[in-house]
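Reading through the structure tokens given below for one structure.
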Amino acid sequence: MAEVLLKNISKSYDSQNFAVRDITFEVKEREFVVLVGPSGCGKSTILRMIAGLEDISSGDLFIDGQKVNKLPPKDRNIAMVFQNYALYPHMTVYDNMAFGLKLRKFSKEEIKKRVAEAAKILELEPYLERKPKALSGGQRQRVAVGRAIVRKPKVFLFDEPLSNLDAKMRVQMRTEISRLHRQLEATIIYVTHDQTEAMTMGNKIVVIKDGVINQIDTPLNLYNCPVNKFVAGFIGSPSMNFIEGKLIKNDCLRFRSNLGGLEIKINGDIKEKLKTYKKDNICIGIRPEEIFDSTPSKENSYAEKISVKLDVVEPMGNEIFLYFQIDEQQFVSRIPARTIPLTGSSKNLWIDTSKIHFFDIETEFTIT
Ligand code: ATP
């Protein structure tokens, strides 16, 4: 068993301001849970409280049903992998991995066996006698993971472990950690500010803003059904486009923005709800892939045409990002790579109005 439960946990470093507030979530056995949010939102604070490196101001922390608020870190059977790897520079790879076990007075044979197992899983066997300075960033990261694996902990905590790696190595280590999760059948809590990392690795994602949980969900649900404007904008790359405007509540419901006189006919199930919505001013959100560049088929009566001038054209290989402005507000469209349009050229684009997200302008909650 390896379950973690946080119940109404808050942390204040100065007894006035909260770093995190009323944090409640559960990590089930073998789950890969990702905590994601912008810098300073409190992710590391939560992880450090789970590890026992930081006191909990209020609320309860349970590991396998046992309340552990006051349990010292060494007795929690949790291993943490840090962003800076925290390897001992004067020790070999073998000794770095063995060190924690030696401290815990494991026998020489057991240490040898465990390090050999970890080195095999992480493909570190050829490097066991090297010192960390003679390793690449990715190899050092693997040693840090190896040091955690040899302890066979109940729970692994990862604090932004890939942020010091270059882009290619990050993608490689991402898949390695996912593979490791399956192979070790481990329970993992993983902190990152990178939404791509969160979306690709986690079974369950906890989105945090200003020390408060905004949404806990699967990657797909976060993308398709964000609870508010923050989650909608944070998850997905490039980010969702937002436009503020007014509902025109005639027989045929329309959304009208001051931006370039943009007007959109509203369709679908949301129409009845919006017709009676208590406010007229709202914000709409459109994912970049819902602004497309081909003439819509006749069946698609949900497309609204806009004519734009392309500021920036970014060919990504299999797709192209088109950046354009409407009255000085920037928008982005994401289209399949067929022919690459020229920067500065004019183009007709179509918004799929059946895929629009609607937000309350004051509370920023999604209108559903
Ligand atoms: P990052 O992604 O930049 O690492 P984070 O989401 O992990 O950020 P935390 O490091 O948990 O955020 O910090 C949350 C808040 O608590 C921040 O406002 C930070 O300034 C504050 N904080 C963190 N550690 C301390 C400390 N030891 N003393 C006082 N305030 C702190």
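In the structure tokens, chains take the letters A, B, ... in the order shown, each chain's residues start at 1, and ligands count up from 1 in the order shown.
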
Expected answer as a PyMOL selection string: strand (DSSP E or B) residues in stretch 48-271 of chain A: chain A and resi 58-63+66-67+78-81+155-159+187-192+204-209+212-217+228+241-249+253-256+263-265

Within 6 Å of ligand 1 (only C-alpha atoms and all ligand atoms), residues as number ranges by chain: A: 13, 19, 39-45, 193

Dump all heavy atoms for the selected residues as a CSV table (one decimal), in the first residue's frame?
```csv
chain,number,residue,atom,x,y,z
A,13,TYR,N,4.4,30.8,6.0
A,13,TYR,CA,5.8,30.9,6.4
A,13,TYR,C,6.0,32.0,7.5
A,13,TYR,O,6.9,32.0,8.3
A,13,TYR,CB,6.8,31.2,5.2
A,13,TYR,CG,7.0,30.0,4.4
A,13,TYR,CD1,6.3,29.8,3.1
A,13,TYR,CD2,7.9,28.9,4.7
A,13,TYR,CE1,6.5,28.7,2.3
A,13,TYR,CE2,8.1,27.8,3.9
A,13,TYR,CZ,7.4,27.8,2.7
A,13,TYR,OH,7.6,26.7,1.9
A,19,ALA,N,1.2,30.5,1.9
A,19,ALA,CA,1.9,30.0,0.7
A,19,ALA,C,1.0,29.0,0.0
A,19,ALA,O,0.9,29.0,-1.3
A,19,ALA,CB,3.2,29.3,1.1
A,39,SER,N,5.2,29.6,-11.5
A,39,SER,CA,6.2,29.8,-10.5
A,39,SER,C,5.6,30.5,-9.3
A,39,SER,O,4.9,31.5,-9.4
A,39,SER,CB,7.3,30.6,-11.1
A,39,SER,OG,8.3,30.7,-10.2
A,40,GLY,N,5.9,30.0,-8.1
A,40,GLY,CA,5.5,30.6,-6.8
A,40,GLY,C,4.1,30.2,-6.4
A,40,GLY,O,3.6,30.8,-5.4
A,41,CYS,N,3.4,29.3,-7.1
A,41,CYS,CA,2.1,29.0,-6.7
A,41,CYS,C,2.0,28.0,-5.5
A,41,CYS,O,0.9,27.8,-5.0
A,41,CYS,CB,1.3,28.4,-7.9
A,41,CYS,SG,1.8,26.7,-8.3
A,42,GLY,N,3.1,27.5,-5.1
A,42,GLY,CA,3.1,26.7,-3.9
A,42,GLY,C,3.4,25.2,-4.1
A,42,GLY,O,3.3,24.4,-3.2
A,43,LYS,N,3.7,24.8,-5.3
A,43,LYS,CA,3.9,23.3,-5.6
A,43,LYS,C,5.0,22.7,-4.7
A,43,LYS,O,4.8,21.7,-4.1
A,43,LYS,CB,4.3,23.2,-7.1
A,43,LYS,CG,3.5,23.9,-8.1
A,43,LYS,CD,4.0,23.7,-9.5
A,43,LYS,CE,5.3,24.4,-9.8
A,43,LYS,NZ,5.2,25.9,-9.9
A,44,SER,N,6.2,23.4,-4.7
A,44,SER,CA,7.3,22.8,-3.9
A,44,SER,C,7.0,22.7,-2.4
A,44,SER,O,7.3,21.8,-1.7
A,44,SER,CB,8.6,23.6,-4.1
A,44,SER,OG,8.9,23.6,-5.5
A,45,THR,N,6.3,23.7,-2.0
A,45,THR,CA,5.9,23.8,-0.6
A,45,THR,C,5.0,22.5,-0.2
A,45,THR,O,5.3,21.9,0.8
A,45,THR,CB,5.1,25.1,-0.3
A,45,THR,OG1,5.9,26.2,-0.5
A,45,THR,CG2,4.6,25.1,1.2
A,193,HIS,N,6.2,23.2,-13.6
A,193,HIS,CA,5.5,24.3,-14.0
A,193,HIS,C,5.1,24.2,-15.5
A,193,HIS,O,4.5,25.1,-16.1
A,193,HIS,CB,6.2,25.6,-13.8
A,193,HIS,CG,7.5,25.7,-14.5
A,193,HIS,ND1,8.7,25.2,-14.0
A,193,HIS,CD2,7.8,26.1,-15.8
A,193,HIS,CE1,9.6,25.3,-14.9
A,193,HIS,NE2,9.1,25.9,-16.0
```

Residues within 6 Å of stretch 112-124 of chain A, please, as a short mmCIF file (atom, residue, chain, number, x, y, z; two decimals) with N, CA, C and O atoms, in the first residue's frame. Count only C-alpha atoms; anything in the same chain fewer than 2 positions from it doesn't count.
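Just written: around_23.cif:
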```cif
data_model
loop_
_atom_site.label_atom_id
_atom_site.label_comp_id
_atom_site.auth_asym_id
_atom_site.auth_seq_id
_atom_site.Cartn_x
_atom_site.Cartn_y
_atom_site.Cartn_z
N GLU A 109 25.98 -6.90 0.73
CA GLU A 109 25.40 -7.72 -0.37
C GLU A 109 24.09 -7.11 -0.85
O GLU A 109 23.83 -7.01 -2.04
N GLU A 110 23.26 -6.71 0.12
CA GLU A 110 21.96 -6.12 -0.24
C GLU A 110 22.16 -4.82 -1.02
O GLU A 110 21.47 -4.55 -2.02
N PRO A 126 27.41 1.12 -17.32
CA PRO A 126 28.76 1.49 -17.76
C PRO A 126 29.38 2.65 -16.98
O PRO A 126 30.56 2.95 -17.15
N TYR A 127 28.59 3.33 -16.16
CA TYR A 127 29.09 4.57 -15.54
C TYR A 127 29.29 4.46 -14.03
O TYR A 127 29.55 5.45 -13.36
N GLY A 146 18.10 6.90 -9.52
CA GLY A 146 18.60 5.61 -9.01
C GLY A 146 18.73 5.62 -7.51
O GLY A 146 18.39 4.65 -6.82
N VAL A 150 16.76 2.72 -5.20
CA VAL A 150 17.39 1.69 -4.36
C VAL A 150 16.76 1.60 -2.97
O VAL A 150 16.79 0.55 -2.33
#
```

Test item: residues at most 9 Å from A:Arg151, only C-alpha atoms, excluding those fewer than 5 positions along its chain, as a PyMOL selection string: chain A and resi 77-79+100-101+114+146

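Shortest separation to A:Thr363 among A:Ile326, A:Cys283, A:Ile63, A:Leu259 occurs at residue A:Cys283, atoms counted being only C-alpha atoms.
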
Helix (DSSP H, G or I) positions in stretch 41-243 of chain A, given as a CSV table (one decimal) with N, CA, C and O atoms, in the first residue's frame:
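out27.csv, freshly written:
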```csv
chain,number,residue,atom,x,y,z
A,43,LYS,N,3.7,24.8,-5.3
A,43,LYS,CA,3.9,23.3,-5.6
A,43,LYS,C,5.0,22.7,-4.7
A,43,LYS,O,4.8,21.7,-4.1
A,44,SER,N,6.2,23.4,-4.7
A,44,SER,CA,7.3,22.8,-3.9
A,44,SER,C,7.0,22.7,-2.4
A,44,SER,O,7.3,21.8,-1.7
A,45,THR,N,6.3,23.7,-2.0
A,45,THR,CA,5.9,23.8,-0.6
A,45,THR,C,5.0,22.5,-0.2
A,45,THR,O,5.3,21.9,0.8
A,46,ILE,N,4.1,22.2,-1.1
A,46,ILE,CA,3.2,21.0,-0.9
A,46,ILE,C,4.1,19.7,-0.8
A,46,ILE,O,4.0,18.9,0.1
A,47,LEU,N,5.0,19.6,-1.8
A,47,LEU,CA,5.9,18.4,-1.9
A,47,LEU,C,6.8,18.3,-0.6
A,47,LEU,O,6.9,17.2,-0.1
A,48,ARG,N,7.3,19.5,-0.2
A,48,ARG,CA,8.2,19.4,0.9
A,48,ARG,C,7.5,19.1,2.2
A,48,ARG,O,8.0,18.5,3.1
A,49,MET,N,6.2,19.5,2.3
A,49,MET,CA,5.4,19.1,3.5
A,49,MET,C,5.1,17.6,3.5
A,49,MET,O,5.2,16.9,4.5
A,50,ILE,N,4.9,17.0,2.3
A,50,ILE,CA,4.7,15.6,2.2
A,50,ILE,C,6.0,14.8,2.6
A,50,ILE,O,5.9,13.8,3.3
A,51,ALA,N,7.1,15.4,2.2
A,51,ALA,CA,8.4,14.7,2.5
A,51,ALA,C,8.8,14.9,4.0
A,51,ALA,O,9.6,14.2,4.5
A,73,PRO,N,11.2,13.1,8.5
A,73,PRO,CA,11.3,12.6,7.1
A,73,PRO,C,11.9,11.2,6.9
A,73,PRO,O,11.4,10.4,6.1
A,74,LYS,N,12.9,10.9,7.8
A,74,LYS,CA,13.5,9.6,7.6
A,74,LYS,C,12.6,8.4,7.9
A,74,LYS,O,12.8,7.3,7.5
A,75,ASP,N,11.5,8.7,8.6
A,75,ASP,CA,10.6,7.6,9.0
A,75,ASP,C,9.4,7.5,8.0
A,75,ASP,O,8.5,6.7,8.3
A,93,VAL,N,29.3,7.1,-9.1
A,93,VAL,CA,27.9,6.9,-9.3
A,93,VAL,C,27.4,5.8,-8.3
A,93,VAL,O,26.4,5.9,-7.7
A,94,TYR,N,28.2,4.7,-8.2
A,94,TYR,CA,27.9,3.6,-7.3
A,94,TYR,C,27.7,4.1,-5.9
A,94,TYR,O,26.7,3.8,-5.3
A,95,ASP,N,28.7,4.9,-5.4
A,95,ASP,CA,28.6,5.3,-4.0
A,95,ASP,C,27.5,6.3,-3.8
A,95,ASP,O,26.9,6.3,-2.7
A,96,ASN,N,27.2,7.1,-4.8
A,96,ASN,CA,26.1,8.0,-4.7
A,96,ASN,C,24.8,7.3,-4.5
A,96,ASN,O,23.9,7.6,-3.7
A,97,MET,N,24.6,6.2,-5.2
A,97,MET,CA,23.4,5.4,-5.1
A,97,MET,C,23.4,4.6,-3.8
A,97,MET,O,22.3,4.3,-3.2
A,98,ALA,N,24.6,4.2,-3.4
A,98,ALA,CA,24.6,3.3,-2.2
A,98,ALA,C,24.6,4.0,-0.9
A,98,ALA,O,24.2,3.5,0.1
A,99,PHE,N,24.8,5.4,-1.0
A,99,PHE,CA,25.0,6.1,0.3
A,99,PHE,C,23.9,6.0,1.3
A,99,PHE,O,24.1,5.7,2.4
A,100,GLY,N,22.7,6.2,0.8
A,100,GLY,CA,21.5,6.2,1.6
A,100,GLY,C,21.3,4.9,2.3
A,100,GLY,O,20.9,4.8,3.5
A,101,LEU,N,21.7,3.8,1.6
A,101,LEU,CA,21.5,2.5,2.1
A,101,LEU,C,22.6,2.2,3.2
A,101,LEU,O,22.3,1.5,4.2
A,102,LYS,N,23.8,2.7,2.9
A,102,LYS,CA,24.9,2.5,3.9
A,102,LYS,C,24.4,3.2,5.3
A,102,LYS,O,24.6,2.6,6.3
A,103,LEU,N,23.9,4.4,5.1
A,103,LEU,CA,23.4,5.1,6.3
A,103,LEU,C,22.4,4.3,7.1
A,103,LEU,O,22.3,4.4,8.3
A,108,LYS,N,26.3,-5.2,2.9
A,108,LYS,CA,27.0,-4.9,1.7
A,108,LYS,C,26.4,-5.7,0.5
A,108,LYS,O,26.3,-5.1,-0.6
A,109,GLU,N,26.0,-6.9,0.7
A,109,GLU,CA,25.4,-7.7,-0.4
A,109,GLU,C,24.1,-7.1,-0.9
A,109,GLU,O,23.8,-7.0,-2.0
A,110,GLU,N,23.3,-6.7,0.1
A,110,GLU,CA,22.0,-6.1,-0.2
A,110,GLU,C,22.2,-4.8,-1.0
A,110,GLU,O,21.5,-4.6,-2.0
A,111,ILE,N,23.1,-4.0,-0.6
A,111,ILE,CA,23.4,-2.7,-1.3
A,111,ILE,C,23.8,-3.0,-2.7
A,111,ILE,O,23.3,-2.4,-3.6
A,112,LYS,N,24.8,-4.0,-2.8
A,112,LYS,CA,25.3,-4.3,-4.2
A,112,LYS,C,24.1,-4.8,-5.1
A,112,LYS,O,24.0,-4.3,-6.3
A,113,LYS,N,23.3,-5.6,-4.5
A,113,LYS,CA,22.1,-6.1,-5.3
A,113,LYS,C,21.2,-5.0,-5.8
A,113,LYS,O,20.8,-4.9,-6.9
A,114,ARG,N,20.9,-4.1,-4.8
A,114,ARG,CA,19.9,-3.0,-5.1
A,114,ARG,C,20.5,-2.0,-6.1
A,114,ARG,O,19.8,-1.6,-7.0
A,115,VAL,N,21.8,-1.7,-5.9
A,115,VAL,CA,22.4,-0.7,-6.9
A,115,VAL,C,22.5,-1.4,-8.3
A,115,VAL,O,22.2,-0.7,-9.3
A,116,ALA,N,22.8,-2.6,-8.3
A,116,ALA,CA,22.9,-3.3,-9.6
A,116,ALA,C,21.6,-3.3,-10.3
A,116,ALA,O,21.5,-3.1,-11.5
A,117,GLU,N,20.5,-3.6,-9.6
A,117,GLU,CA,19.2,-3.6,-10.1
A,117,GLU,C,18.8,-2.2,-10.7
A,117,GLU,O,18.3,-2.1,-11.8
A,118,ALA,N,19.1,-1.2,-9.9
A,118,ALA,CA,18.7,0.2,-10.3
A,118,ALA,C,19.5,0.6,-11.5
A,118,ALA,O,19.0,1.2,-12.5
A,119,ALA,N,20.8,0.2,-11.5
A,119,ALA,CA,21.7,0.6,-12.6
A,119,ALA,C,21.3,0.0,-13.9
A,119,ALA,O,21.4,0.5,-15.0
A,120,LYS,N,20.7,-1.3,-13.8
A,120,LYS,CA,20.3,-2.0,-15.0
A,120,LYS,C,19.0,-1.3,-15.5
A,120,LYS,O,18.9,-1.0,-16.7
A,121,ILE,N,18.1,-1.0,-14.6
A,121,ILE,CA,16.8,-0.4,-15.1
A,121,ILE,C,17.1,1.0,-15.7
A,121,ILE,O,16.5,1.3,-16.7
A,125,GLU,N,24.8,1.1,-15.9
A,125,GLU,CA,25.9,0.1,-15.6
A,125,GLU,C,27.3,0.5,-16.1
A,125,GLU,O,28.3,0.4,-15.4
A,126,PRO,N,27.4,1.1,-17.3
A,126,PRO,CA,28.8,1.5,-17.8
A,126,PRO,C,29.4,2.7,-17.0
A,126,PRO,O,30.6,2.9,-17.2
A,127,TYR,N,28.6,3.3,-16.2
A,127,TYR,CA,29.1,4.6,-15.5
A,127,TYR,C,29.3,4.5,-14.0
A,127,TYR,O,29.6,5.5,-13.4
A,132,PRO,N,30.2,12.3,-10.8
A,132,PRO,CA,29.1,13.0,-11.5
A,132,PRO,C,29.6,14.0,-12.5
A,132,PRO,O,28.9,14.2,-13.5
A,133,LYS,N,30.8,14.6,-12.3
A,133,LYS,CA,31.2,15.7,-13.3
A,133,LYS,C,31.5,15.1,-14.6
A,133,LYS,O,31.5,15.8,-15.6
A,134,ALA,N,31.7,13.7,-14.7
A,134,ALA,CA,32.0,13.1,-16.0
A,134,ALA,C,30.7,12.5,-16.6
A,134,ALA,O,30.8,11.6,-17.4
A,137,GLY,N,24.0,15.7,-18.3
A,137,GLY,CA,22.9,16.1,-17.4
A,137,GLY,C,21.9,15.0,-17.3
A,137,GLY,O,21.4,14.8,-16.2
A,138,GLY,N,21.5,14.4,-18.4
A,138,GLY,CA,20.5,13.3,-18.3
A,138,GLY,C,21.0,12.1,-17.5
A,138,GLY,O,20.2,11.5,-16.7
A,139,GLN,N,22.3,11.8,-17.6
A,139,GLN,CA,22.9,10.7,-16.8
A,139,GLN,C,22.9,11.0,-15.3
A,139,GLN,O,22.5,10.2,-14.5
A,140,ARG,N,23.2,12.3,-15.0
A,140,ARG,CA,23.2,12.7,-13.6
A,140,ARG,C,21.8,12.6,-13.0
A,140,ARG,O,21.6,12.2,-11.9
A,141,GLN,N,20.8,13.0,-13.9
A,141,GLN,CA,19.4,12.9,-13.4
A,141,GLN,C,19.0,11.5,-13.2
A,141,GLN,O,18.4,11.2,-12.2
A,142,ARG,N,19.6,10.5,-14.0
A,142,ARG,CA,19.2,9.1,-13.8
A,142,ARG,C,19.9,8.6,-12.5
A,142,ARG,O,19.3,7.8,-11.8
A,143,VAL,N,21.1,9.1,-12.1
A,143,VAL,CA,21.7,8.7,-10.9
A,143,VAL,C,20.8,9.2,-9.7
A,143,VAL,O,20.6,8.4,-8.8
A,144,ALA,N,20.3,10.4,-9.8
A,144,ALA,CA,19.5,10.9,-8.8
A,144,ALA,C,18.2,10.1,-8.6
A,144,ALA,O,17.8,9.8,-7.5
A,145,VAL,N,17.7,9.6,-9.7
A,145,VAL,CA,16.5,8.7,-9.7
A,145,VAL,C,16.9,7.4,-9.1
A,145,VAL,O,16.2,6.8,-8.3
A,146,GLY,N,18.1,6.9,-9.5
A,146,GLY,CA,18.6,5.6,-9.0
A,146,GLY,C,18.7,5.6,-7.5
A,146,GLY,O,18.4,4.7,-6.8
A,147,ARG,N,19.2,6.7,-7.0
A,147,ARG,CA,19.4,6.9,-5.5
A,147,ARG,C,18.0,6.7,-4.8
A,147,ARG,O,18.0,6.2,-3.7
A,148,ALA,N,17.0,7.2,-5.5
A,148,ALA,CA,15.6,7.1,-4.9
A,148,ALA,C,15.1,5.6,-5.0
A,148,ALA,O,14.6,5.1,-4.1
A,149,ILE,N,15.4,5.0,-6.2
A,149,ILE,CA,14.9,3.7,-6.5
A,149,ILE,C,15.4,2.6,-5.5
A,149,ILE,O,14.7,1.8,-5.0
A,167,ALA,N,16.1,20.6,-24.3
A,167,ALA,CA,14.7,20.2,-24.7
A,167,ALA,C,14.7,18.8,-25.1
A,167,ALA,O,13.7,18.1,-24.7
A,168,LYS,N,15.7,18.3,-25.8
A,168,LYS,CA,15.6,16.9,-26.4
A,168,LYS,C,15.7,15.9,-25.2
A,168,LYS,O,15.0,14.9,-25.1
A,169,MET,N,16.7,16.2,-24.3
A,169,MET,CA,16.9,15.3,-23.1
A,169,MET,C,15.6,15.3,-22.2
A,169,MET,O,15.3,14.3,-21.6
A,170,ARG,N,14.9,16.4,-22.2
A,170,ARG,CA,13.7,16.5,-21.3
A,170,ARG,C,12.7,15.6,-21.9
A,170,ARG,O,12.0,14.9,-21.1
A,171,VAL,N,12.5,15.6,-23.2
A,171,VAL,CA,11.5,14.7,-23.8
A,171,VAL,C,11.9,13.2,-23.5
A,171,VAL,O,11.0,12.4,-23.2
A,172,GLN,N,13.2,12.9,-23.6
A,172,GLN,CA,13.6,11.5,-23.4
A,172,GLN,C,13.4,11.1,-22.0
A,172,GLN,O,12.9,10.0,-21.7
A,173,MET,N,13.8,12.0,-21.0
A,173,MET,CA,13.6,11.6,-19.6
A,173,MET,C,12.2,11.5,-19.2
A,173,MET,O,11.8,10.8,-18.4
A,174,ARG,N,11.3,12.3,-19.9
A,174,ARG,CA,9.9,12.3,-19.6
A,174,ARG,C,9.4,10.9,-19.9
A,174,ARG,O,8.7,10.3,-19.1
A,175,THR,N,9.8,10.3,-21.0
A,175,THR,CA,9.3,9.0,-21.3
A,175,THR,C,9.9,7.9,-20.4
A,175,THR,O,9.3,6.9,-20.1
A,176,GLU,N,11.2,8.2,-20.0
A,176,GLU,CA,11.9,7.2,-19.1
A,176,GLU,C,11.2,7.2,-17.8
A,176,GLU,O,11.0,6.1,-17.2
A,177,ILE,N,10.8,8.4,-17.3
A,177,ILE,CA,10.1,8.4,-16.0
A,177,ILE,C,8.8,7.7,-16.0
A,177,ILE,O,8.4,7.0,-15.2
A,178,SER,N,8.1,7.9,-17.2
A,178,SER,CA,6.8,7.3,-17.4
A,178,SER,C,6.9,5.8,-17.4
A,178,SER,O,6.2,5.0,-16.8
A,179,ARG,N,8.0,5.3,-18.1
A,179,ARG,CA,8.3,3.9,-18.2
A,179,ARG,C,8.6,3.3,-16.8
A,179,ARG,O,8.1,2.3,-16.4
A,180,LEU,N,9.4,4.1,-16.1
A,180,LEU,CA,9.8,3.7,-14.7
A,180,LEU,C,8.6,3.5,-13.8
A,180,LEU,O,8.5,2.6,-13.0
A,181,HIS,N,7.6,4.4,-14.0
A,181,HIS,CA,6.4,4.4,-13.2
A,181,HIS,C,5.7,3.0,-13.4
A,181,HIS,O,5.3,2.4,-12.5
A,182,ARG,N,5.6,2.6,-14.7
A,182,ARG,CA,4.9,1.3,-15.0
A,182,ARG,C,5.8,0.2,-14.5
A,182,ARG,O,5.2,-0.7,-13.9
A,183,GLN,N,7.1,0.2,-14.7
A,183,GLN,CA,8.0,-0.9,-14.4
A,183,GLN,C,8.0,-1.1,-12.9
A,183,GLN,O,7.9,-2.2,-12.4
A,184,LEU,N,8.1,0.0,-12.1
A,184,LEU,CA,8.2,-0.2,-10.6
A,184,LEU,C,6.9,-0.2,-10.0
A,184,LEU,O,6.8,-0.4,-8.8
A,195,GLN,N,3.2,22.7,-18.5
A,195,GLN,CA,2.0,22.0,-18.7
A,195,GLN,C,2.1,20.8,-19.6
A,195,GLN,O,1.4,19.8,-19.5
A,196,THR,N,3.1,20.9,-20.6
A,196,THR,CA,3.3,19.7,-21.5
A,196,THR,C,3.7,18.5,-20.7
A,196,THR,O,3.2,17.4,-20.9
A,197,GLU,N,4.7,18.7,-19.8
A,197,GLU,CA,5.1,17.6,-18.9
A,197,GLU,C,3.9,17.1,-18.1
A,197,GLU,O,3.8,15.8,-18.0
A,198,ALA,N,3.1,18.0,-17.6
A,198,ALA,CA,2.0,17.5,-16.8
A,198,ALA,C,1.0,16.7,-17.6
A,198,ALA,O,0.6,15.6,-17.2
A,199,MET,N,0.7,17.2,-18.8
A,199,MET,CA,-0.3,16.5,-19.6
A,199,MET,C,0.2,15.2,-20.1
A,199,MET,O,-0.6,14.2,-20.3
A,200,THR,N,1.5,15.1,-20.4
A,200,THR,CA,2.0,13.8,-21.0
A,200,THR,C,2.3,12.7,-19.9
A,200,THR,O,2.4,11.6,-20.3
A,201,MET,N,2.6,13.2,-18.7
A,201,MET,CA,3.0,12.2,-17.7
A,201,MET,C,1.9,11.8,-16.7
A,201,MET,O,1.9,10.6,-16.2
A,219,PRO,N,-5.8,14.6,-17.7
A,219,PRO,CA,-5.3,15.5,-18.7
A,219,PRO,C,-6.4,15.9,-19.7
A,219,PRO,O,-6.6,17.1,-20.0
A,220,LEU,N,-7.1,15.0,-20.2
A,220,LEU,CA,-8.1,15.2,-21.3
A,220,LEU,C,-9.2,16.1,-20.8
A,220,LEU,O,-9.7,17.0,-21.4
A,221,ASN,N,-9.7,15.8,-19.5
A,221,ASN,CA,-10.8,16.6,-19.0
A,221,ASN,C,-10.3,18.1,-18.7
A,221,ASN,O,-11.1,19.0,-18.9
A,222,LEU,N,-9.1,18.2,-18.3
A,222,LEU,CA,-8.6,19.6,-18.1
A,222,LEU,C,-8.6,20.4,-19.4
A,222,LEU,O,-8.9,21.5,-19.4
A,223,TYR,N,-8.2,19.7,-20.4
A,223,TYR,CA,-8.2,20.3,-21.7
A,223,TYR,C,-9.6,20.7,-22.3
A,223,TYR,O,-9.8,21.8,-22.8
A,224,ASN,N,-10.4,19.7,-22.2
A,224,ASN,CA,-11.8,19.9,-22.8
A,224,ASN,C,-12.8,20.6,-21.9
A,224,ASN,O,-13.6,21.3,-22.4
A,229,LYS,N,-11.1,30.3,-16.4
A,229,LYS,CA,-10.3,30.9,-17.4
A,229,LYS,C,-8.8,30.6,-17.2
A,229,LYS,O,-8.1,30.4,-18.1
A,230,PHE,N,-8.4,30.5,-15.9
A,230,PHE,CA,-7.0,30.3,-15.6
A,230,PHE,C,-6.6,28.9,-16.1
A,230,PHE,O,-5.6,28.8,-16.9
A,231,VAL,N,-7.4,27.9,-15.8
A,231,VAL,CA,-7.0,26.5,-16.2
A,231,VAL,C,-7.1,26.4,-17.7
A,231,VAL,O,-6.2,25.8,-18.4
A,232,ALA,N,-8.1,27.1,-18.3
A,232,ALA,CA,-8.3,27.1,-19.8
A,232,ALA,C,-7.0,27.6,-20.5
A,232,ALA,O,-6.6,27.2,-21.5
A,233,GLY,N,-6.5,28.7,-19.9
A,233,GLY,CA,-5.3,29.4,-20.5
A,233,GLY,C,-4.0,28.7,-20.2
A,233,GLY,O,-3.1,28.7,-21.0
A,234,PHE,N,-4.0,28.0,-19.0
A,234,PHE,CA,-2.7,27.4,-18.6
A,234,PHE,C,-2.4,26.1,-19.3
A,234,PHE,O,-1.3,25.7,-19.6
```

Spatial neighbours of stretch 275-280 of chain A, 6 Å, only C-alpha atoms, chain gap at least 5 places, as a list in words: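 Contacts, in chain order: Lys246, Leu247 and Lys249 of chain A.
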
Nearest residue to A:Thr366 from the set A:Ile291, A:Cys225, A:Ile340, A:Val4 (distances using only C-alpha atoms):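 Result for the nearest residue to A:Thr366: A:Cys225.
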
Between atom CA of A:Ile205 and atom CA of A:Met80, distance in Å (one decimal):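 Between atom CA of A:Ile205 and atom CA of A:Met80 the gap works out to 18.8 Å.
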